[in-house]
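Peer 1: Structure file entry-v5.cif, mmCIF, C-alpha atoms, is pasted below:
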```cif
data_upload
#
loop_
_atom_site.label_atom_id
_atom_site.label_comp_id
_atom_site.auth_asym_id
_atom_site.auth_seq_id
_atom_site.Cartn_x
_atom_site.Cartn_y
_atom_site.Cartn_z
CA MET A 1 322.10 113.03 149.43
CA THR A 2 319.48 110.70 148.00
CA SER A 3 315.90 111.31 146.91
CA THR A 4 312.94 109.05 146.30
CA LEU A 5 310.75 109.52 143.23
CA SER A 6 307.06 108.75 143.58
CA ARG A 7 306.71 107.76 139.90
CA PRO A 8 309.06 106.24 137.30
CA LEU A 9 310.82 108.74 135.10
CA PRO A 10 312.05 108.29 131.52
CA ALA A 11 315.79 108.12 131.04
CA SER A 12 318.29 110.03 128.93
CA THR A 13 321.86 108.92 128.11
CA VAL A 14 324.82 110.82 129.57
CA GLU A 15 328.54 110.10 129.65
CA ILE A 16 330.43 109.92 132.96
CA PRO A 17 334.20 110.45 132.87
CA ALA A 18 336.29 107.35 133.71
CA PRO A 19 339.77 107.08 135.28
CA SER A 20 342.75 107.51 132.99
CA GLY A 21 343.13 104.58 130.59
CA VAL A 22 339.50 103.45 130.97
CA ALA A 23 336.86 104.22 128.36
CA ALA A 24 334.05 106.53 129.40
CA LEU A 25 330.88 104.60 130.28
CA PRO A 26 327.39 105.64 129.08
CA VAL A 27 324.76 105.51 131.81
CA ARG A 28 321.06 106.25 131.99
CA ARG A 29 319.80 109.24 133.94
CA ALA A 30 316.14 109.75 134.90
CA THR A 31 314.42 112.92 133.73
CA ARG A 32 311.12 114.34 134.97
CA THR A 33 307.91 114.54 132.93
CA ALA A 34 304.64 116.26 133.65
CA PRO A 35 302.09 114.10 135.48
CA LYS A 36 299.18 112.77 133.48
CA ALA A 37 295.77 114.33 134.02
CA PRO A 38 293.38 112.05 135.90
CA ALA A 39 290.91 110.13 133.77
CA PRO A 40 287.45 111.72 133.74
CA HIS A 41 284.87 110.11 136.00
CA ILE A 42 281.99 108.67 133.97
CA ALA A 43 278.91 107.04 135.48
CA THR A 44 275.74 105.39 134.27
CA ALA A 45 272.94 107.15 136.14
CA GLY A 46 271.23 105.01 138.79
CA LEU A 47 267.93 107.00 138.69
CA GLN A 48 266.69 105.96 142.10
CA LEU A 49 265.93 107.40 145.51
CA SER A 50 269.01 106.53 147.52
CA THR A 51 268.84 105.15 151.07
CA LYS A 52 272.33 106.33 152.05
CA ALA A 53 272.29 108.49 155.19
CA ALA A 54 273.81 111.58 153.54
CA ALA A 55 271.39 111.26 150.62
CA LEU A 56 268.39 111.00 152.96
CA VAL A 57 269.44 114.13 154.84
CA LEU A 58 270.09 116.04 151.61
CA ARG A 59 266.70 114.99 150.22
CA THR A 60 264.98 116.16 153.39
CA ALA A 61 266.70 119.53 153.05
CA ARG A 62 265.56 119.73 149.43
CA VAL A 63 261.97 118.64 150.00
CA SER A 64 261.27 120.14 153.45
CA GLY A 65 263.98 122.72 154.08
CA PRO A 66 264.63 124.79 156.04
CA VAL A 67 264.37 121.84 158.45
CA PHE A 68 265.57 121.27 162.01
CA ARG A 69 267.80 118.30 162.77
CA ASP A 70 265.28 116.53 164.99
CA ASP A 71 262.63 116.93 162.30
CA ALA A 72 265.07 115.53 159.74
CA ALA A 73 265.65 112.52 162.00
CA ALA A 74 261.91 111.93 162.23
CA ALA A 75 261.44 112.27 158.46
CA THR A 76 264.31 109.95 157.52
CA GLY A 77 264.11 107.39 160.32
CA LEU A 78 267.77 108.03 161.15
CA SER A 79 269.01 108.56 164.70
CA ILE A 80 269.67 112.14 165.76
CA SER A 81 273.38 111.35 166.13
CA THR A 82 273.51 110.06 162.54
CA VAL A 83 271.70 113.14 161.29
CA ASN A 84 274.11 115.37 163.21
CA ARG A 85 277.12 113.65 161.59
CA GLN A 86 275.65 113.90 158.09
CA VAL A 87 274.64 117.53 158.55
CA SER A 88 278.14 118.40 159.73
CA ALA A 89 279.69 116.66 156.72
CA LEU A 90 277.29 118.27 154.27
CA LEU A 91 277.83 121.70 155.82
CA LYS A 92 281.58 121.24 155.46
CA ALA A 93 281.10 120.26 151.81
CA GLY A 94 278.96 123.35 151.33
CA VAL A 95 275.93 121.69 149.73
CA ILE A 96 273.68 122.69 152.63
CA ARG A 97 273.72 125.83 154.76
CA GLU A 98 272.37 126.76 158.16
CA ARG A 99 269.72 129.43 158.62
CA ALA A 100 270.59 131.05 161.94
CA ASP A 101 268.07 133.78 161.15
CA LEU A 102 265.31 131.19 161.57
CA THR A 103 266.40 130.04 165.03
CA PRO A 104 263.37 130.15 167.37
CA PRO A 105 263.68 133.10 169.78
CA GLY A 106 263.78 132.56 173.53
CA ALA A 107 264.91 128.92 173.35
CA VAL A 108 266.60 127.51 176.44
CA GLY A 109 269.85 125.59 175.96
CA ARG A 110 271.57 124.90 172.64
CA PRO A 111 269.74 126.79 169.86
CA ARG A 112 267.96 124.79 167.15
CA VAL A 113 269.31 126.02 163.83
CA PRO A 114 267.54 124.75 160.69
CA PHE A 115 269.38 123.88 157.49
CA GLU A 116 268.51 123.95 153.80
CA ILE A 117 269.99 123.25 150.37
CA ASN A 118 272.67 125.73 149.31
CA THR A 119 271.32 127.07 146.03
CA ALA A 120 273.83 129.91 145.77
CA GLY A 121 277.21 128.32 145.18
CA PHE A 122 276.82 125.25 142.96
CA LEU A 123 275.50 124.32 139.53
CA THR A 124 275.27 121.23 137.38
CA VAL A 125 275.16 121.09 133.57
CA GLY A 126 272.44 119.14 131.77
CA ILE A 127 272.55 118.13 128.11
CA HIS A 128 269.62 116.56 126.28
CA ILE A 129 270.65 115.32 122.83
CA GLY A 130 267.56 115.05 120.65
CA TYR A 131 267.13 113.81 117.12
CA LYS A 132 266.89 117.37 115.77
CA SER A 133 267.46 119.70 118.71
CA THR A 134 269.79 119.64 121.72
CA SER A 135 269.11 121.55 124.94
CA ILE A 136 271.86 122.65 127.32
CA THR A 137 270.90 123.76 130.80
CA THR A 138 272.34 124.67 134.16
CA HIS A 139 270.57 123.52 137.34
CA ASP A 140 270.91 124.38 140.99
CA LEU A 141 270.86 121.71 143.69
CA MET A 142 267.08 121.99 143.92
CA HIS A 143 266.82 120.67 140.33
CA ARG A 144 265.63 124.07 139.13
CA VAL A 145 266.64 125.32 135.69
CA VAL A 146 268.90 128.34 136.12
CA GLY A 147 269.74 128.90 132.46
CA ALA A 148 269.00 127.19 129.15
CA ILE A 149 269.82 127.31 125.46
CA ALA A 150 268.79 125.16 122.53
CA ILE A 151 270.99 124.34 119.55
CA PRO A 152 270.36 122.24 116.44
CA THR A 153 271.78 118.76 116.86
CA PRO A 154 274.72 118.71 114.40
CA GLN A 155 273.93 116.59 111.36
CA ASP A 156 277.38 116.47 109.76
CA GLY A 157 280.47 114.62 110.91
CA THR A 158 281.09 111.36 112.71
CA PRO A 159 279.14 110.60 115.91
CA GLU A 160 282.27 111.45 117.91
CA GLU A 161 282.54 114.82 116.16
CA VAL A 162 278.85 115.53 116.78
CA VAL A 163 279.20 114.82 120.51
CA ALA A 164 282.42 116.85 120.72
CA SER A 165 280.67 119.82 119.09
CA ILE A 166 277.82 119.58 121.59
CA GLY A 167 280.34 119.32 124.43
CA ALA A 168 282.12 122.46 123.24
CA SER A 169 278.81 124.34 123.19
CA ALA A 170 278.07 123.11 126.72
CA ARG A 171 281.48 124.27 127.92
CA ARG A 172 280.97 127.75 126.48
CA PHE A 173 277.53 127.98 128.05
CA ALA A 174 278.77 126.78 131.45
CA ASP A 175 281.58 129.35 131.37
CA ARG A 176 278.97 132.10 131.59
CA TRP A 177 278.27 131.26 135.22
CA VAL A 178 281.18 133.09 136.81
CA GLY A 179 281.54 132.55 140.54
CA LYS A 180 279.64 129.26 140.57
CA ARG A 181 281.23 125.89 141.22
CA LEU A 182 280.24 123.39 138.53
CA LEU A 183 279.87 119.95 140.10
CA TRP A 184 278.68 117.50 137.48
CA ALA A 185 277.33 117.12 133.96
CA GLY A 186 274.51 114.86 132.83
CA VAL A 187 273.60 113.64 129.35
CA ALA A 188 270.16 112.29 128.44
CA MET A 189 269.45 110.94 124.97
CA GLY A 190 267.64 108.19 123.12
CA GLY A 191 269.06 104.75 122.56
CA ARG A 192 270.75 102.28 124.86
CA VAL A 193 273.34 103.41 127.41
CA VAL A 194 275.88 100.92 128.71
CA ASP A 195 278.48 101.15 131.49
CA GLY A 196 281.12 103.75 130.74
CA GLY A 197 278.62 106.08 129.09
CA GLU A 198 278.71 104.47 125.65
CA VAL A 199 275.55 104.82 123.56
CA ASP A 200 273.89 102.77 120.84
CA HIS A 201 271.31 104.90 119.02
CA PRO A 202 269.85 103.07 115.99
CA ARG A 203 267.89 106.05 114.69
CA LEU A 204 271.02 108.20 114.63
CA GLY A 205 273.09 105.27 113.39
CA TRP A 206 275.35 105.31 116.46
CA THR A 207 277.00 102.19 117.85
CA GLY A 208 279.29 102.21 120.88
CA VAL A 209 279.78 106.00 120.80
CA PRO A 210 281.73 107.08 123.94
CA VAL A 211 279.36 109.94 124.77
CA GLY A 212 280.34 110.07 128.45
CA ARG A 213 284.07 110.28 127.80
CA ILE A 214 283.78 112.91 125.06
CA ILE A 215 281.48 115.15 127.11
CA ALA A 216 283.66 114.75 130.22
CA GLU A 217 286.74 115.79 128.28
CA SER A 218 284.88 118.72 126.69
CA VAL A 219 283.33 120.22 129.81
CA GLY A 220 286.01 119.14 132.30
CA LEU A 221 283.49 117.62 134.72
CA PRO A 222 282.42 114.18 135.90
CA VAL A 223 279.57 112.97 133.70
CA SER A 224 276.54 110.70 134.08
CA VAL A 225 274.67 109.34 131.05
CA ALA A 226 271.15 107.90 130.81
CA SER A 227 268.44 107.05 128.33
CA HIS A 228 266.23 110.10 127.99
CA VAL A 229 262.81 108.55 128.67
CA GLU A 230 264.14 106.91 131.83
CA ALA A 231 265.66 110.28 132.79
CA MET A 232 262.27 111.93 132.28
CA ALA A 233 260.71 109.37 134.60
CA ALA A 234 263.46 110.12 137.12
CA ALA A 235 262.67 113.83 136.88
CA GLU A 236 259.08 113.05 137.79
CA LEU A 237 260.34 110.91 140.67
CA VAL A 238 262.41 113.83 141.95
CA VAL A 239 259.49 116.27 141.96
CA ASN A 240 256.69 113.91 143.02
CA ASN A 241 255.12 114.15 146.46
CA PRO A 242 257.27 112.07 148.86
CA ALA A 243 254.15 110.22 149.99
CA GLU A 244 253.90 108.70 146.49
CA GLN A 245 257.47 107.53 146.21
CA ASN A 246 256.65 103.94 147.20
CA GLN A 247 254.07 103.66 144.44
CA ASN A 248 254.82 102.72 140.85
CA PHE A 249 254.13 104.61 137.66
CA LEU A 250 254.42 104.20 133.90
CA TYR A 251 255.97 107.14 132.06
CA PHE A 252 254.94 107.46 128.41
CA TYR A 253 256.81 109.95 126.20
CA ALA A 254 256.00 111.14 122.69
CA ARG A 255 257.44 113.84 120.50
CA GLU A 256 259.88 113.02 117.67
CA THR A 257 260.34 109.60 119.25
CA ALA A 258 258.08 107.52 121.49
CA GLY A 259 259.17 105.55 124.54
CA ILE A 260 258.24 104.31 127.98
CA ALA A 261 259.87 103.87 131.37
CA PHE A 262 258.62 102.20 134.55
CA SER A 263 259.31 103.25 138.13
CA VAL A 264 258.87 100.87 141.07
CA ASP A 265 259.42 101.76 144.74
CA GLY A 266 261.50 104.84 144.05
CA THR A 267 263.67 103.32 141.29
CA VAL A 268 263.38 103.78 137.54
CA HIS A 269 263.74 100.31 136.07
CA THR A 270 266.60 100.08 133.58
CA PRO A 271 266.59 96.76 131.68
CA ALA A 272 270.00 95.29 130.94
CA ALA A 273 269.06 95.08 127.25
CA GLY A 274 268.18 98.78 127.13
CA PRO A 275 264.95 100.77 127.24
CA PRO A 276 261.77 99.17 125.88
CA THR A 277 261.20 99.83 122.19
CA ILE A 278 257.68 100.84 121.18
CA GLY A 279 258.24 102.78 117.97
CA HIS A 280 257.29 99.73 115.93
CA PHE A 281 253.94 99.17 117.72
CA PRO A 282 251.01 98.81 115.31
CA THR A 283 248.64 101.76 115.17
CA GLY A 284 245.68 100.27 113.35
CA ALA A 285 243.85 102.08 110.60
CA THR A 286 244.28 105.86 110.31
CA ARG A 287 242.44 108.51 108.32
CA LEU A 288 244.85 111.44 107.95
CA LEU A 289 248.00 110.14 109.63
CA ASP A 290 250.63 107.80 108.18
CA PRO A 291 250.13 108.57 104.47
CA GLU A 292 252.75 105.93 103.61
CA ASN A 293 250.71 103.29 105.46
CA THR A 294 253.62 102.04 107.55
CA GLY A 295 251.28 101.06 110.38
CA ARG A 296 254.02 101.83 112.93
CA LEU A 297 253.63 104.11 115.93
CA GLU A 298 256.69 106.32 115.59
CA GLU A 299 256.24 107.04 111.88
CA THR A 300 252.60 107.85 112.60
CA VAL A 301 252.72 110.11 115.68
CA SER A 302 256.22 111.65 115.60
CA ASP A 303 256.55 115.34 114.78
CA SER A 304 258.07 114.40 111.42
CA GLY A 305 255.22 112.01 110.74
CA ILE A 306 252.64 114.65 111.61
CA LEU A 307 254.23 117.10 109.17
CA GLU A 308 254.19 114.44 106.44
CA ALA A 309 250.48 113.93 107.09
CA ALA A 310 249.91 117.69 106.91
CA ALA A 311 251.75 117.90 103.58
CA ALA A 312 249.75 114.97 102.21
CA ALA A 313 246.55 116.78 103.22
CA GLY A 314 247.65 119.89 101.34
CA LEU A 315 248.48 122.10 104.33
CA ASP A 316 251.16 124.75 103.82
CA VAL A 317 253.06 124.34 107.11
CA THR A 318 256.76 123.70 107.68
CA SER A 319 256.87 123.10 111.44
CA ILE A 320 254.79 121.49 114.12
CA ASP A 321 254.32 124.91 115.72
CA GLU A 322 252.81 126.23 112.49
CA LEU A 323 250.47 123.25 112.37
CA ARG A 324 249.28 123.92 115.92
CA ALA A 325 248.84 127.62 115.14
CA ALA A 326 246.73 126.72 112.08
CA ALA A 327 244.56 124.42 114.21
CA ARG A 328 244.02 127.16 116.78
CA THR A 329 243.00 129.68 114.13
CA GLY A 330 240.26 127.52 112.67
CA ASP A 331 241.92 125.12 110.22
CA ALA A 332 239.77 122.00 110.65
CA VAL A 333 242.22 119.67 108.87
CA ALA A 334 245.13 120.74 111.10
CA HIS A 335 242.94 120.20 114.16
CA ASP A 336 241.82 116.78 112.93
CA ILE A 337 245.43 115.68 112.37
CA LEU A 338 246.36 116.60 115.93
CA VAL A 339 243.22 114.96 117.34
CA GLU A 340 243.92 111.75 115.43
CA ARG A 341 247.44 111.76 116.82
CA ALA A 342 245.92 112.03 120.30
CA GLU A 343 243.58 109.11 119.60
CA VAL A 344 246.42 106.86 118.42
CA LEU A 345 248.49 107.78 121.46
CA GLY A 346 245.55 107.20 123.80
CA ARG A 347 244.98 103.68 122.44
CA THR A 348 248.68 102.85 122.73
CA VAL A 349 248.90 104.17 126.29
CA ALA A 350 245.88 102.06 127.23
CA LEU A 351 247.32 98.82 125.85
CA ILE A 352 250.73 99.29 127.49
CA SER A 353 249.11 100.33 130.78
CA ASP A 354 247.01 97.17 130.80
CA ILE A 355 250.22 95.13 130.58
CA PHE A 356 252.04 96.89 133.44
CA ASN A 357 248.97 97.86 135.51
CA PRO A 358 250.72 100.78 137.27
CA ASP A 359 249.34 102.90 140.10
CA HIS A 360 249.74 106.00 137.90
CA VAL A 361 250.35 106.80 134.24
CA ILE A 362 252.30 109.97 133.43
CA LEU A 363 252.15 111.43 129.92
CA GLY A 364 255.19 113.44 128.91
CA GLY A 365 256.48 115.12 125.79
CA GLN A 366 255.22 117.87 123.54
CA ALA A 367 252.87 115.50 121.68
CA PHE A 368 250.74 115.69 124.83
CA THR A 369 251.55 119.07 126.33
CA ASP A 370 251.79 121.48 123.39
CA TYR A 371 248.23 121.01 122.12
CA PRO A 372 246.13 120.51 125.26
CA GLU A 373 242.98 120.93 123.16
CA ALA A 374 243.48 117.29 122.09
CA LEU A 375 243.94 115.86 125.60
CA PRO A 376 240.22 114.96 125.89
CA SER A 377 240.72 112.76 122.81
CA VAL A 378 243.64 111.02 124.52
CA SER A 379 241.46 110.37 127.56
CA LYS A 380 238.49 109.15 125.53
CA ALA A 381 240.58 106.74 123.45
CA LEU A 382 242.35 105.45 126.56
CA ARG A 383 239.08 104.73 128.38
CA ALA A 384 237.56 103.07 125.31
CA THR A 385 240.57 100.76 124.86
CA SER A 386 241.68 99.86 128.39
CA VAL A 387 240.10 97.04 130.38
CA ALA A 388 240.75 99.03 133.58
CA THR A 389 237.70 100.98 134.68
CA GLN A 390 239.69 103.38 136.87
CA ARG A 391 243.17 104.48 135.84
CA ASP A 392 245.01 107.50 137.28
CA VAL A 393 246.47 109.30 134.26
CA ARG A 394 248.34 112.60 134.59
CA VAL A 395 250.25 114.97 132.33
CA ALA A 396 253.90 115.39 133.33
CA ARG A 397 254.49 118.29 135.71
CA SER A 398 257.55 119.46 133.79
CA ALA A 399 255.41 119.95 130.65
CA ILE A 400 257.32 121.96 128.01
CA THR A 401 260.62 121.71 129.94
CA VAL A 402 260.57 117.92 130.07
CA GLN A 403 263.85 117.51 128.15
CA GLN A 404 265.59 120.06 130.35
CA LYS A 405 264.30 118.43 133.54
CA ALA A 406 265.45 115.03 132.28
CA ALA A 407 268.98 116.28 131.67
CA GLY A 408 268.97 117.92 135.09
CA ALA A 409 267.90 114.68 136.77
CA VAL A 410 270.88 112.91 135.21
CA ALA A 411 273.28 115.72 136.13
CA LEU A 412 272.12 115.58 139.76
CA ASP A 413 271.81 111.80 139.98
CA ALA A 414 275.22 111.08 141.52
CA ILE A 415 274.93 114.00 143.95
CA TYR A 416 271.46 113.00 145.11
CA ALA A 417 272.51 109.33 145.41
CA ASP A 418 275.68 109.84 147.46
CA PRO A 419 276.58 113.53 147.83
CA LEU A 420 279.84 113.10 149.71
CA GLU A 421 281.15 110.42 147.35
CA ALA A 422 280.12 112.49 144.32
CA LEU A 423 281.89 115.58 145.60
CA SER A 424 285.12 113.58 145.93
CA HIS A 425 285.18 113.35 142.10
CA THR A 426 284.86 117.11 141.56
CA LEU A 427 287.71 119.59 141.47
#
```
Rewrite the structure of this file - the entire thing - as structure tokens.

Peer 2:
Amino acid sequence: MTSTLSRPLPASTVEIPAPSGVAALPVRRATRTAPKAPAPHIATAGLQLSTKAAALVLRTARVSGPVFRDDAAAATGLSISTVNRQVSALLKAGVIRERADLTPPGAVGRPRVPFEINTAGFLTVGIHIGYKSTSITTHDLMHRVVGAIAIPTPQDGTPEEVVASIGASARRFADRWVGKRLLWAGVAMGGRVVDGGEVDHPRLGWTGVPVGRIIAESVGLPVSVASHVEAMAAAELVVNNPAEQNQNFLYFYARETAGIAFSVDGTVHTPAAGPPTIGHFPTGATRLLDPENTGRLEETVSDSGILEAAAAAGLDVTSIDELRAAARTGDAVAHDILVERAEVLGRTVALISDIFNPDHVILGGQAFTDYPEALPSVSKALRATSVATQRDVRVARSAITVQQKAAGAVALDAIYADPLEALSHTL
């Protein structure tokens, strides 16, 4: 009897008896070994509204569901037969579900059964790695935050050890969701992300750190990685009104770091050389900010920079939250520091907006959202600086959860782009 082995096996030496008068001959015998685990799937997030048929149907279920198949065909421009095939495939995969309870009563012929996103059975894991704090979230297929924790970004160890520690925390958090199928993980962070999920982050001193691979091995899921400001822009793209998806917008982020991203026709632009760098932009003269007179944007308006300005002004505060609380309880110096930050940001937004001339400008990050009392100063400085007489400027819808929404957008990117292909990479 013979057998065929599907993979080569290592050999061990045995001795086979020989006829009388002939020396025994050593031969090699194959022995079995355990198969290797498949390599983790790592992707660089595309951050765009996909035109694949399955993606269009899934998006319609997410935006308009419960939706009937003929209405989905009208909304997507697909034929009814194509919609039927995609709905059948997505139902089989479990990412959508039918709502027989919503079937119109008294219909003649085959009943029209609407479908919607299945929010019950699946979750994704989002990780936003910040300079000081890291958020870990779980999201359903509607991009809603189901659970969230925040941990300090580890400051000790090599970059690989830092990422592994974050991955272990994410795994422990994900394990809480018993009975849910985890589909994908997404990582959003500053710096430049290249193919394979490697990250260069000058402020953290990281070069070529395999963030995607380490997180994939830690959480046991496929992983997508993206620059965090671009991911924030993608989160806005996900939640924006579908009628606006063919327009373009500039996303401006400020908190501990400052950055921009640009979306055109449903795609967040990702330059090959990495995200635009604006931290070095000149700020002009300041009164209370930038006590070291660096003249650079990030040192001037970052949370750390604001606290340095507060200390130089003699304020006894140790956190940005304490500074805001002092401003709200009548401390004029604290209020003036936050207003001057708003003025510097408003001027910078105006200058960058004049270069790109977008349909909309979206302001994101806690520098804008956590002290709304200063937003009029942002608006006034923007109008005084910009050459545009009419500019649509909005505050990000995700507001205080912007980092969580960004991580969720990356975690859902592959599923939203090509749901059936993405599911083929999950267990």

Peer 1: For a quick check of understanding, using all atoms listed in the file, which of A:Ala334, A:Val113, A:Val395, A:Ala417 has the smallest distance to Asp101 of chain A?

Peer 2: A:Val113

Peer 1: Report as a VMD selection string the full result of the PyMOL selection byres ((chain A and resi 415) around 10) when it is applied to this structure.

Peer 2: chain A and resid 54 to 55 58 95 124 141 183 to 184 410 to 414 416 to 423

Peer 1: Return as CSV the residues of segment 267-350 of chain A lying at most 10 Å from segment 41-51 of chain A, together with the closest atom-to-atom pair for each and the distance in Å to one decimal, counting all atoms listed in the file, with rows in chain order and ascending residue number.

Peer 2:
```
residue,atom,partner,partner_atom,distance
A:Thr267,CA,A:Gln48,CA,4.1
A:Val268,CA,A:Leu47,CA,5.7
A:His269,CA,A:Leu47,CA,8.3
A:Thr270,CA,A:Gly46,CA,8.5
```

Peer 1: At a cut-off of 9 Å, can you tabulate as a Markdown table every residue of segment 190-259 of chain A near segment 367-389 of chain A together with its closest atom pair and the distance in Å to one decimal, using all atoms listed in the file and ordering rows by chain then number?

Peer 2:
```
| residue | atom | partner | partner_atom | distance |
| --- | --- | --- | --- | --- |
| A:Tyr253 | CA | A:Ala367 | CA | 8.2 |
| A:Ala254 | CA | A:Ala367 | CA | 5.5 |
| A:Arg255 | CA | A:Ala367 | CA | 5.0 |
| A:Glu256 | CA | A:Ala367 | CA | 8.4 |
```

Peer 1: Take the residues from that selection and write them out as a PDB file, in the frame of the given file, keeping C-alpha atoms.

Peer 2:
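The new file again.pdb reads:
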```
ATOM      1  CA  TYR A 253     256.810 109.950 126.200  1.00  0.00           C
ATOM      2  CA  ALA A 254     256.000 111.140 122.690  1.00  0.00           C
ATOM      3  CA  ARG A 255     257.440 113.840 120.500  1.00  0.00           C
ATOM      4  CA  GLU A 256     259.880 113.020 117.670  1.00  0.00           C
TER       5      GLU A 256
END
```

Peer 1: Wanna dump the segment 199-246 of chain A-segment 168-172 of chain A contacts at 12 Å for me, each residue with its shortest atom pair and the distance in Å to one decimal, counting only C-alpha atoms, ordered by chain and number, as a Markdown table?

Peer 2:
```
| residue | atom | partner | partner_atom | distance |
| --- | --- | --- | --- | --- |
| A:Ile214 | CA | A:Ala168 | CA | 9.9 |
| A:Ile215 | CA | A:Ala168 | CA | 8.3 |
| A:Ala216 | CA | A:Arg171 | CA | 10.0 |
| A:Glu217 | CA | A:Ala168 | CA | 9.6 |
| A:Ser218 | CA | A:Ala168 | CA | 5.8 |
| A:Val219 | CA | A:Arg171 | CA | 4.8 |
| A:Gly220 | CA | A:Arg171 | CA | 8.1 |
| A:Leu221 | CA | A:Arg171 | CA | 9.7 |
```
